[in-house]
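A.B. asks: What follows is the file work25.cif, containing mmCIF, C-alpha atoms:
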```cif
data_upload
#
loop_
_atom_site.group_PDB
_atom_site.id
_atom_site.type_symbol
_atom_site.label_atom_id
_atom_site.label_comp_id
_atom_site.auth_asym_id
_atom_site.auth_seq_id
_atom_site.Cartn_x
_atom_site.Cartn_y
_atom_site.Cartn_z
ATOM 1 C CA MET A 1 17.412 -104.398 -28.243
ATOM 2 C CA ASP A 2 16.981 -107.832 -26.610
ATOM 3 C CA ILE A 3 14.826 -108.546 -23.548
ATOM 4 C CA VAL A 4 17.787 -108.500 -21.127
ATOM 5 C CA SER A 5 18.971 -105.101 -22.384
ATOM 6 C CA LEU A 6 15.416 -103.764 -22.197
ATOM 7 C CA ARG A 7 15.078 -104.914 -18.602
ATOM 8 C CA GLN A 8 18.380 -103.284 -17.711
ATOM 9 C CA ALA A 9 17.319 -100.013 -19.363
ATOM 10 C CA LEU A 10 13.877 -99.999 -17.739
ATOM 11 C CA GLY A 11 15.122 -101.096 -14.329
ATOM 12 C CA PRO A 12 16.089 -97.648 -12.947
ATOM 13 C CA ALA A 13 12.989 -96.026 -14.481
ATOM 14 C CA LEU A 14 10.654 -98.601 -12.953
ATOM 15 C CA LEU A 15 12.421 -98.301 -9.609
ATOM 16 C CA GLU A 16 11.989 -94.514 -9.694
ATOM 17 C CA LEU A 17 8.325 -94.893 -10.593
ATOM 18 C CA LEU A 18 7.860 -97.327 -7.708
ATOM 19 C CA ARG A 19 9.563 -94.874 -5.341
ATOM 20 C CA LEU A 20 7.202 -92.095 -6.422
ATOM 21 C CA CYS A 21 4.193 -94.364 -5.923
ATOM 22 C CA VAL A 22 5.338 -95.213 -2.391
ATOM 23 C CA TRP A 23 5.835 -91.513 -1.579
ATOM 24 C CA LEU A 24 2.410 -90.723 -3.037
ATOM 25 C CA LEU A 25 0.846 -93.335 -0.788
ATOM 26 C CA LEU A 26 2.691 -92.030 2.288
ATOM 27 C CA LEU A 27 1.765 -88.408 1.545
ATOM 28 C CA THR A 28 -1.876 -89.417 1.108
ATOM 29 C CA ILE A 29 -1.847 -91.335 4.390
ATOM 30 C CA ILE A 30 -0.379 -88.296 6.172
ATOM 31 C CA PHE A 31 -2.408 -85.467 4.672
ATOM 32 C CA LEU A 32 -5.788 -87.030 3.888
ATOM 33 C CA PRO A 33 -6.891 -87.462 7.543
ATOM 34 C CA ILE A 34 -5.398 -84.076 8.507
ATOM 35 C CA GLU A 35 -7.221 -82.230 5.738
ATOM 36 C CA ARG A 36 -10.445 -84.104 6.443
ATOM 37 C CA ARG A 37 -10.315 -83.332 10.174
ATOM 38 C CA TRP A 38 -8.697 -79.882 10.230
ATOM 39 C CA GLY A 39 -9.314 -78.551 6.743
ATOM 40 C CA ILE A 40 -9.529 -74.808 6.127
ATOM 41 C CA HIS A 41 -12.121 -75.347 3.435
ATOM 42 C CA LYS A 42 -14.416 -78.330 3.093
ATOM 43 C CA GLN A 43 -13.675 -79.979 -0.238
ATOM 44 C CA LYS A 44 -13.699 -83.407 -1.814
ATOM 45 C CA PHE A 45 -10.560 -85.525 -2.004
ATOM 46 C CA PHE A 46 -11.153 -85.978 -5.737
ATOM 47 C CA ARG A 47 -11.499 -82.235 -6.225
ATOM 48 C CA LYS A 48 -11.473 -80.264 -9.455
ATOM 49 C CA ALA A 49 -8.381 -81.034 -11.602
ATOM 50 C CA PHE A 50 -7.271 -83.824 -9.226
ATOM 51 C CA GLY A 51 -6.424 -86.171 -12.110
ATOM 52 C CA THR A 52 -4.332 -83.544 -13.901
ATOM 53 C CA ASP A 53 -2.487 -82.668 -10.697
ATOM 54 C CA LEU A 54 -1.761 -86.352 -10.097
ATOM 55 C CA VAL A 55 -0.001 -86.516 -13.466
ATOM 56 C CA TYR A 56 1.910 -83.365 -12.530
ATOM 57 C CA TYR A 57 3.083 -85.141 -9.361
ATOM 58 C CA PHE A 58 4.976 -87.703 -11.437
ATOM 59 C CA LEU A 59 6.043 -85.239 -14.116
ATOM 60 C CA SER A 60 7.369 -82.707 -11.597
ATOM 61 C CA SER A 61 9.422 -85.403 -9.909
ATOM 62 C CA LEU A 62 10.920 -86.953 -13.048
ATOM 63 C CA ALA A 63 11.532 -83.932 -15.320
ATOM 64 C CA PRO A 64 14.142 -82.125 -13.159
ATOM 65 C CA ARG A 65 16.279 -85.264 -12.982
ATOM 66 C CA LEU A 66 16.467 -85.336 -16.778
ATOM 67 C CA PHE A 67 17.086 -81.646 -17.462
ATOM 68 C CA LEU A 68 19.151 -80.473 -14.464
ATOM 69 C CA VAL A 69 22.191 -82.658 -15.098
ATOM 70 C CA ILE A 70 23.850 -80.605 -17.861
ATOM 71 C CA PRO A 71 23.386 -77.050 -16.472
ATOM 72 C CA MET A 72 24.367 -78.074 -12.939
ATOM 73 C CA THR A 73 27.461 -79.903 -14.220
ATOM 74 C CA PHE A 74 28.651 -76.749 -15.976
ATOM 75 C CA LEU A 75 27.832 -74.615 -12.925
ATOM 76 C CA ALA A 76 29.668 -76.949 -10.551
ATOM 77 C CA ALA A 77 32.740 -77.014 -12.793
ATOM 78 C CA ALA A 78 32.774 -73.206 -13.156
ATOM 79 C CA VAL A 79 32.437 -72.601 -9.426
ATOM 80 C CA HIS A 80 35.097 -75.175 -8.633
ATOM 81 C CA ARG A 81 37.477 -73.494 -11.079
ATOM 82 C CA TYR A 82 36.948 -69.857 -10.101
ATOM 83 C CA GLU A 83 36.028 -70.129 -6.412
ATOM 84 C CA PRO A 84 38.909 -69.017 -4.140
ATOM 85 C CA ALA A 85 40.437 -72.159 -2.681
ATOM 86 C CA ALA A 86 40.589 -70.751 0.859
ATOM 87 C CA PHE A 87 36.890 -69.870 0.838
ATOM 88 C CA TYR A 88 36.001 -73.250 -0.628
ATOM 89 C CA THR A 89 37.989 -74.999 2.115
ATOM 90 C CA TRP A 90 36.450 -72.823 4.852
ATOM 91 C CA ALA A 91 32.904 -73.602 3.707
ATOM 92 C CA SER A 92 33.612 -77.325 3.520
ATOM 93 C CA GLY A 93 34.933 -77.248 7.096
ATOM 94 C CA LEU A 94 31.715 -75.883 8.597
ATOM 95 C CA PRO A 95 29.761 -78.233 10.879
ATOM 96 C CA GLY A 96 27.189 -80.189 8.927
ATOM 97 C CA VAL A 97 24.174 -78.638 10.654
ATOM 98 C CA VAL A 98 25.496 -75.102 10.172
ATOM 99 C CA ARG A 99 26.236 -75.721 6.503
ATOM 100 C CA PHE A 100 22.778 -77.199 6.003
ATOM 101 C CA LEU A 101 21.032 -74.195 7.611
ATOM 102 C CA LEU A 102 23.136 -71.694 5.652
ATOM 103 C CA ALA A 103 22.482 -73.632 2.437
ATOM 104 C CA LEU A 104 18.762 -73.635 3.230
ATOM 105 C CA ILE A 105 18.718 -69.850 3.581
ATOM 106 C CA ALA A 106 20.945 -69.297 0.535
ATOM 107 C CA GLY A 107 18.822 -71.639 -1.545
ATOM 108 C CA ASP A 108 15.614 -69.942 -0.458
ATOM 109 C CA PHE A 109 17.122 -66.587 -1.427
ATOM 110 C CA GLY A 110 17.534 -67.897 -4.969
ATOM 111 C CA VAL A 111 14.065 -69.441 -4.949
ATOM 112 C CA TYR A 112 12.559 -66.163 -3.713
ATOM 113 C CA TRP A 113 13.898 -64.198 -6.682
ATOM 114 C CA ALA A 114 13.095 -66.896 -9.238
ATOM 115 C CA HIS A 115 9.567 -67.039 -7.852
ATOM 116 C CA ARG A 116 9.203 -63.264 -7.855
ATOM 117 C CA TRP A 117 10.516 -62.979 -11.420
ATOM 118 C CA SER A 118 7.995 -65.638 -12.445
ATOM 119 C CA HIS A 119 5.268 -63.205 -11.410
ATOM 120 C CA GLU A 120 6.865 -60.011 -12.694
ATOM 121 C CA ILE A 121 8.251 -61.151 -16.072
ATOM 122 C CA PRO A 122 5.409 -61.913 -18.518
ATOM 123 C CA PHE A 123 7.263 -64.693 -20.351
ATOM 124 C CA LEU A 124 7.981 -66.563 -17.090
ATOM 125 C CA TRP A 125 4.446 -65.979 -15.849
ATOM 126 C CA ARG A 126 3.176 -67.941 -18.858
ATOM 127 C CA PHE A 127 4.693 -71.050 -17.238
ATOM 128 C CA HIS A 128 4.087 -70.172 -13.591
ATOM 129 C CA LYS A 129 0.390 -69.353 -13.954
ATOM 130 C CA ILE A 130 -0.284 -73.092 -14.258
ATOM 131 C CA HIS A 131 0.643 -73.448 -10.596
ATOM 132 C CA HIS A 132 -1.685 -70.589 -9.691
ATOM 133 C CA SER A 133 -4.596 -71.950 -11.697
ATOM 134 C CA ALA A 134 -5.546 -74.197 -8.761
ATOM 135 C CA GLU A 135 -8.830 -72.962 -7.282
ATOM 136 C CA GLU A 136 -8.779 -75.462 -4.416
ATOM 137 C CA MET A 137 -5.718 -75.902 -2.223
ATOM 138 C CA ASP A 138 -4.347 -79.148 -0.880
ATOM 139 C CA TRP A 139 -0.958 -80.855 -0.572
ATOM 140 C CA LEU A 140 -1.022 -82.146 -4.164
ATOM 141 C CA VAL A 141 -1.053 -78.586 -5.580
ATOM 142 C CA ASN A 142 2.639 -78.442 -4.635
ATOM 143 C CA SER A 143 3.418 -80.562 -7.718
ATOM 144 C CA LYS A 144 1.196 -78.639 -10.129
ATOM 145 C CA ALA A 145 3.873 -76.840 -12.159
ATOM 146 C CA HIS A 146 5.250 -76.680 -15.684
ATOM 147 C CA PRO A 147 8.646 -78.417 -16.077
ATOM 148 C CA VAL A 148 10.219 -75.123 -17.235
ATOM 149 C CA ASP A 149 8.949 -73.449 -14.068
ATOM 150 C CA ILE A 150 10.407 -76.218 -11.914
ATOM 151 C CA LEU A 151 13.717 -76.109 -13.759
ATOM 152 C CA LEU A 152 14.105 -72.357 -13.212
ATOM 153 C CA THR A 153 13.256 -72.669 -9.524
ATOM 154 C CA ARG A 154 15.613 -75.597 -8.895
ATOM 155 C CA ILE A 155 18.552 -73.953 -10.684
ATOM 156 C CA SER A 156 17.959 -70.623 -8.923
ATOM 157 C CA GLY A 157 17.931 -72.380 -5.564
ATOM 158 C CA LEU A 158 21.139 -74.306 -6.226
ATOM 159 C CA VAL A 159 23.196 -71.434 -7.686
ATOM 160 C CA PRO A 160 23.643 -69.512 -4.375
ATOM 161 C CA MET A 161 24.615 -72.723 -2.588
ATOM 162 C CA TYR A 162 27.277 -73.489 -5.191
ATOM 163 C CA VAL A 163 28.615 -69.915 -5.373
ATOM 164 C CA LEU A 164 28.925 -69.696 -1.587
ATOM 165 C CA GLY A 165 30.695 -73.056 -1.423
ATOM 166 C CA LEU A 166 27.869 -74.584 0.626
ATOM 167 C CA ALA A 167 27.358 -77.248 -2.040
ATOM 168 C CA GLN A 168 30.554 -78.884 -3.281
ATOM 169 C CA PRO A 169 29.748 -81.612 -5.805
ATOM 170 C CA MET A 170 33.274 -81.510 -7.277
ATOM 171 C CA GLY A 171 34.839 -82.642 -4.004
ATOM 172 C CA ASP A 172 36.315 -86.049 -3.312
ATOM 173 C CA ARG A 173 33.209 -87.359 -1.525
ATOM 174 C CA LEU A 174 29.439 -87.260 -1.890
ATOM 175 C CA ASP A 175 28.046 -83.905 -0.773
ATOM 176 C CA TRP A 176 24.720 -84.453 0.981
ATOM 177 C CA THR A 177 23.947 -80.778 1.588
ATOM 178 C CA PRO A 178 22.185 -79.858 -1.696
ATOM 179 C CA MET A 179 20.381 -83.190 -1.694
ATOM 180 C CA LEU A 180 19.069 -82.691 1.854
ATOM 181 C CA VAL A 181 18.062 -79.085 1.142
ATOM 182 C CA THR A 182 16.150 -80.201 -1.969
ATOM 183 C CA ILE A 183 14.394 -82.997 -0.082
ATOM 184 C CA ALA A 184 13.520 -80.689 2.814
ATOM 185 C CA GLY A 185 12.194 -78.042 0.432
ATOM 186 C CA THR A 186 10.088 -80.566 -1.477
ATOM 187 C CA MET A 187 8.544 -82.068 1.653
ATOM 188 C CA TRP A 188 7.907 -78.606 3.100
ATOM 189 C CA GLY A 189 6.206 -77.645 -0.147
ATOM 190 C CA PHE A 190 3.570 -80.335 0.354
ATOM 191 C CA PHE A 191 2.995 -79.054 3.900
ATOM 192 C CA ILE A 192 2.547 -75.354 3.056
ATOM 193 C CA HIS A 193 0.142 -76.108 0.193
ATOM 194 C CA SER A 194 -1.994 -78.402 2.324
ATOM 195 C CA ASN A 195 -5.584 -77.629 3.271
ATOM 196 C CA TRP A 196 -4.611 -77.587 6.976
ATOM 197 C CA ASN A 197 -6.085 -75.006 9.322
ATOM 198 C CA LEU A 198 -2.827 -74.495 11.201
ATOM 199 C CA ARG A 199 -1.620 -71.103 12.449
ATOM 200 C CA LEU A 200 1.534 -70.697 14.561
ATOM 201 C CA GLY A 201 1.462 -67.022 15.512
ATOM 202 C CA TRP A 202 4.829 -65.254 15.544
ATOM 203 C CA PHE A 203 6.614 -68.419 14.401
ATOM 204 C CA GLU A 204 5.079 -67.961 10.952
ATOM 205 C CA HIS A 205 7.530 -65.075 10.506
ATOM 206 C CA VAL A 206 10.398 -67.543 11.033
ATOM 207 C CA LEU A 207 9.322 -70.565 9.008
ATOM 208 C CA SER A 208 6.669 -70.782 6.307
ATOM 209 C CA THR A 209 3.357 -72.483 7.062
ATOM 210 C CA PRO A 210 0.063 -73.023 5.220
ATOM 211 C CA GLY A 211 -1.093 -69.723 6.728
ATOM 212 C CA PHE A 212 1.854 -67.974 5.072
ATOM 213 C CA HIS A 213 1.768 -69.658 1.676
ATOM 214 C CA HIS A 214 -1.995 -69.723 1.129
ATOM 215 C CA TRP A 215 -1.878 -65.935 0.915
ATOM 216 C CA HIS A 216 0.480 -66.321 -2.021
ATOM 217 C CA HIS A 217 -2.251 -68.271 -3.839
ATOM 218 C CA THR A 218 -5.104 -65.926 -2.960
ATOM 219 C CA ASN A 219 -7.354 -64.355 -5.558
ATOM 220 C CA ASP A 220 -9.086 -62.040 -3.090
ATOM 221 C CA GLY A 221 -8.136 -58.845 -4.923
ATOM 222 C CA PRO A 222 -5.210 -56.934 -6.481
ATOM 223 C CA GLU A 223 -4.118 -55.408 -3.184
ATOM 224 C CA VAL A 224 -3.169 -58.817 -1.736
ATOM 225 C CA LEU A 225 -1.648 -60.417 -4.846
ATOM 226 C CA ASN A 226 2.057 -61.109 -5.398
ATOM 227 C CA LYS A 227 2.998 -61.638 -1.754
ATOM 228 C CA ASN A 228 4.937 -64.266 0.201
ATOM 229 C CA TYR A 229 7.354 -65.571 -2.430
ATOM 230 C CA ALA A 230 9.726 -67.429 -0.070
ATOM 231 C CA ALA A 231 9.449 -71.194 0.132
ATOM 232 C CA MET A 232 10.677 -71.620 3.715
ATOM 233 C CA VAL A 233 12.086 -68.342 5.095
ATOM 234 C CA PRO A 234 9.395 -65.600 5.408
ATOM 235 C CA MET A 235 12.003 -63.100 6.590
ATOM 236 C CA LEU A 236 13.095 -62.781 2.956
ATOM 237 C CA ASP A 237 9.663 -61.364 2.153
ATOM 238 C CA ALA A 238 9.948 -59.043 5.136
ATOM 239 C CA VAL A 239 13.316 -57.765 3.901
ATOM 240 C CA PHE A 240 12.159 -57.241 0.304
ATOM 241 C CA GLY A 241 8.741 -55.799 1.124
ATOM 242 C CA THR A 242 6.451 -58.623 -0.009
ATOM 243 C CA LEU A 243 5.296 -60.065 3.318
ATOM 244 C CA TYR A 244 1.541 -60.296 3.917
ATOM 245 C CA LEU A 245 0.443 -62.325 6.912
ATOM 246 C CA PRO A 246 -2.964 -61.471 8.408
ATOM 247 C CA ALA A 247 -4.613 -63.762 10.944
ATOM 248 C CA ARG A 248 -7.444 -64.735 8.588
ATOM 249 C CA TRP A 249 -7.391 -67.112 5.611
ATOM 250 C CA PRO A 250 -7.964 -66.238 1.943
ATOM 251 C CA GLY A 251 -11.520 -66.413 0.706
ATOM 252 C CA LYS A 252 -10.694 -67.809 -2.715
ATOM 253 C CA TYR A 253 -7.734 -69.080 -4.733
ATOM 254 C CA GLY A 254 -6.611 -69.156 -8.340
ATOM 255 C CA THR A 255 -5.874 -66.518 -10.944
ATOM 256 C CA ASP A 256 -7.845 -64.465 -13.441
ATOM 257 C CA ALA A 257 -5.197 -65.193 -16.093
ATOM 258 C CA PRO A 258 -6.672 -67.589 -18.683
ATOM 259 C CA SER A 259 -5.160 -71.048 -18.585
ATOM 260 C CA PRO A 260 -6.078 -74.192 -20.591
ATOM 261 C CA SER A 261 -7.810 -76.943 -18.657
ATOM 262 C CA GLY A 262 -6.175 -79.925 -20.393
ATOM 263 C CA LEU A 263 -2.733 -81.197 -19.414
ATOM 264 C CA GLY A 264 -1.333 -81.233 -22.959
ATOM 265 C CA GLU A 265 -2.535 -77.698 -23.643
ATOM 266 C CA GLN A 266 -1.094 -76.484 -20.340
ATOM 267 C CA LEU A 267 2.321 -77.875 -21.223
ATOM 268 C CA LEU A 268 2.353 -76.560 -24.804
ATOM 269 C CA GLU A 269 0.577 -73.188 -24.506
ATOM 270 C CA PRO A 270 3.431 -71.300 -22.758
ATOM 271 C CA LEU A 271 5.842 -72.411 -25.498
ATOM 272 C CA LEU A 272 3.739 -71.151 -28.378
ATOM 273 C CA PRO A 273 4.362 -67.646 -29.789
ATOM 274 C CA LYS A 274 1.853 -64.997 -28.765
#
```
Could you render the structure as structure tokens?
C.D. replies:
Amino acid sequence: MDIVSLRQALGPALLELLRLCVWLLLLTIIFLPIERRWGIHKQKFFRKAFGTDLVYYFLSSLAPRLFLVIPMTFLAAAVHRYEPAAFYTWASGLPGVVRFLLALIAGDFGVYWAHRWSHEIPFLWRFHKIHHSAEEMDWLVNSKAHPVDILLTRISGLVPMYVLGLAQPMGDRLDWTPMLVTIAGTMWGFFIHSNWNLRLGWFEHVLSTPGFHHWHHTNDGPEVLNKNYAAMVPMLDAVFGTLYLPARWPGKYGTDAPSPSGLGEQLLEPLLPK
């Protein structure tokens, strides 16, 4: 490969890396002063496992782009082939805001069950426990996840949108709905993981907040574990009996499940036979 071809091949990758660096800088500028001024728990910026979680930030952003293409292409083609044409047309005719909100709820329904299965099915928990190994919470913990865990969550969130015709990638124009839902979910994920002492009363039953999601990461005892699976819509937890939303904050975070401390071991350990 000559230098010109190498530059052309590396161009998109370098551009994506630059984009992630810019977002990292913006997220730091937003959350660092908030967590320093209104933090739930006093902790250092360079907290335990900060370096590992920083690598996960890049890995969690790049891996889905590589591995989602094939399964989502097959899913889109199957839905486009078997979806009733009238229903497909009706969904595409919905106002953009309505379609976005319905797609958000449908996507969170899929995420809820993928997330719940990741706790209830031992094989999936082997991947998901990496996310729960964080003993200190801040916005960067949002990215701390095994690529297999991310892949399952992303696919599970997109499937309901495709089946209900709310995402139509096989149409004759670019469909922004799944892209906007994914972006909104990602940005909201940084918010609900943040070390921000923010409580919104009854509104926390409508839209997830740090107060809602921190209880999902608690390690305060078996009676409060495995709650609050939804990413954005707490009413899903209310419907399925997993809502836990007291006025106080958790005392500690993490999991008693053993997890390797090194990045390489964390990525390989779930794949090894028990």
A.B. asks: Would you pick out the contacts of region 220-235 of chain A at 7 Å or less, using all atoms listed in the file, so that residues sharing its chain but fewer than 2 positions from it are not included, and give the list as a list in words?
C.D. replies: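 Non-adjacent residues within range: Ile105, Asp108, Val111, Tyr112, His115, Arg116, His205, Val206, Leu207, Ser208, Phe212, His213, His216, Thr218, Asp237, Ala238, Val239, Thr242, Leu243, Tyr244, Pro250, Gly251 and Lys252 of chain A.
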A.B. asks: Going by the chain IDs and residue numbers used in this file, which residues fall under the PyMOL selection byres ((chain A and resi 174-180) around 12)? Write them as an mmCIF file with C-alpha atoms, in the coordinates of the input.
C.D. replies:
```
data_model
loop_
_atom_site.group_PDB
_atom_site.id
_atom_site.type_symbol
_atom_site.label_atom_id
_atom_site.label_comp_id
_atom_site.auth_asym_id
_atom_site.auth_seq_id
_atom_site.Cartn_x
_atom_site.Cartn_y
_atom_site.Cartn_z
ATOM 1 C CA MET A 72 24.367 -78.074 -12.939
ATOM 2 C CA ALA A 76 29.668 -76.949 -10.551
ATOM 3 C CA ALA A 91 32.904 -73.602 3.707
ATOM 4 C CA SER A 92 33.612 -77.325 3.520
ATOM 5 C CA LEU A 94 31.715 -75.883 8.597
ATOM 6 C CA PRO A 95 29.761 -78.233 10.879
ATOM 7 C CA GLY A 96 27.189 -80.189 8.927
ATOM 8 C CA VAL A 97 24.174 -78.638 10.654
ATOM 9 C CA VAL A 98 25.496 -75.102 10.172
ATOM 10 C CA ARG A 99 26.236 -75.721 6.503
ATOM 11 C CA PHE A 100 22.778 -77.199 6.003
ATOM 12 C CA LEU A 101 21.032 -74.195 7.611
ATOM 13 C CA LEU A 102 23.136 -71.694 5.652
ATOM 14 C CA ALA A 103 22.482 -73.632 2.437
ATOM 15 C CA LEU A 104 18.762 -73.635 3.230
ATOM 16 C CA ILE A 105 18.718 -69.850 3.581
ATOM 17 C CA ALA A 106 20.945 -69.297 0.535
ATOM 18 C CA GLY A 107 18.822 -71.639 -1.545
ATOM 19 C CA ASP A 108 15.614 -69.942 -0.458
ATOM 20 C CA ARG A 154 15.613 -75.597 -8.895
ATOM 21 C CA ILE A 155 18.552 -73.953 -10.684
ATOM 22 C CA GLY A 157 17.931 -72.380 -5.564
ATOM 23 C CA LEU A 158 21.139 -74.306 -6.226
ATOM 24 C CA VAL A 159 23.196 -71.434 -7.686
ATOM 25 C CA PRO A 160 23.643 -69.512 -4.375
ATOM 26 C CA MET A 161 24.615 -72.723 -2.588
ATOM 27 C CA TYR A 162 27.277 -73.489 -5.191
ATOM 28 C CA GLY A 165 30.695 -73.056 -1.423
ATOM 29 C CA LEU A 166 27.869 -74.584 0.626
ATOM 30 C CA ALA A 167 27.358 -77.248 -2.040
ATOM 31 C CA GLN A 168 30.554 -78.884 -3.281
ATOM 32 C CA PRO A 169 29.748 -81.612 -5.805
ATOM 33 C CA MET A 170 33.274 -81.510 -7.277
ATOM 34 C CA GLY A 171 34.839 -82.642 -4.004
ATOM 35 C CA ASP A 172 36.315 -86.049 -3.312
ATOM 36 C CA ARG A 173 33.209 -87.359 -1.525
ATOM 37 C CA VAL A 181 18.062 -79.085 1.142
ATOM 38 C CA THR A 182 16.150 -80.201 -1.969
ATOM 39 C CA ILE A 183 14.394 -82.997 -0.082
ATOM 40 C CA ALA A 184 13.520 -80.689 2.814
ATOM 41 C CA GLY A 185 12.194 -78.042 0.432
ATOM 42 C CA THR A 186 10.088 -80.566 -1.477
ATOM 43 C CA MET A 187 8.544 -82.068 1.653
ATOM 44 C CA TRP A 188 7.907 -78.606 3.100
#
```
A.B. asks: Scan for residues within 10 Å of the point (-1.1, -64.6, 10.2) in the coordinates of the file, using all atoms listed in the file, and reply as a list in words.
C.D. replies: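 Those residues, ordered by chain and then number, are Arg199, Leu200, Gly201, Trp202, Phe203, Glu204, His205, Thr209, Pro210, Gly211, Phe212, Trp215, Tyr244, Leu245, Pro246, Ala247, Arg248 and Trp249 of chain A.
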A.B. asks: Write out, as a compact mmCIF listing (two decimals), in the frame of the given file, the residues just selected, with C-alpha atoms.
C.D. replies:
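File part-v7.txt, as written:
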```txt
# COMPACT_ATOMS: atom_id res chain seq x y z
CA ARG A 199 -1.62 -71.10 12.45
CA LEU A 200 1.53 -70.70 14.56
CA GLY A 201 1.46 -67.02 15.51
CA TRP A 202 4.83 -65.25 15.54
CA PHE A 203 6.61 -68.42 14.40
CA GLU A 204 5.08 -67.96 10.95
CA HIS A 205 7.53 -65.08 10.51
CA THR A 209 3.36 -72.48 7.06
CA PRO A 210 0.06 -73.02 5.22
CA GLY A 211 -1.09 -69.72 6.73
CA PHE A 212 1.85 -67.97 5.07
CA TRP A 215 -1.88 -65.94 0.92
CA TYR A 244 1.54 -60.30 3.92
CA LEU A 245 0.44 -62.32 6.91
CA PRO A 246 -2.96 -61.47 8.41
CA ALA A 247 -4.61 -63.76 10.94
CA ARG A 248 -7.44 -64.74 8.59
CA TRP A 249 -7.39 -67.11 5.61
```
A.B. asks: Figure out the distance between CA of Pro273 (chain A) and CA of Val141 (chain A), please, to one decimal in Å.
C.D. replies: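 Between CA of Val141 (chain A) and CA of Pro273 (chain A) the gap is 27.1 Å.
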A.B. asks: Enclose the full set of atoms of region 252-255 of chain A listed in the file within a box whose edges lie along x, y and z, apply 3 Å of padding to each of the six sides, and report centre and edge lengths in Å to one decimal as lines of an AutoDock Vina configuration file.
C.D. replies:
```
center_x = -8.3
center_y = -67.8
center_z = -6.8
size_x = 10.8
size_y = 8.6
size_z = 14.2
```
A.B. asks: Record the distance separating CA of Leu236 (chain A) and CA of His217 (chain A), expressed in Å with one decimal.
C.D. replies: 17.7 Å
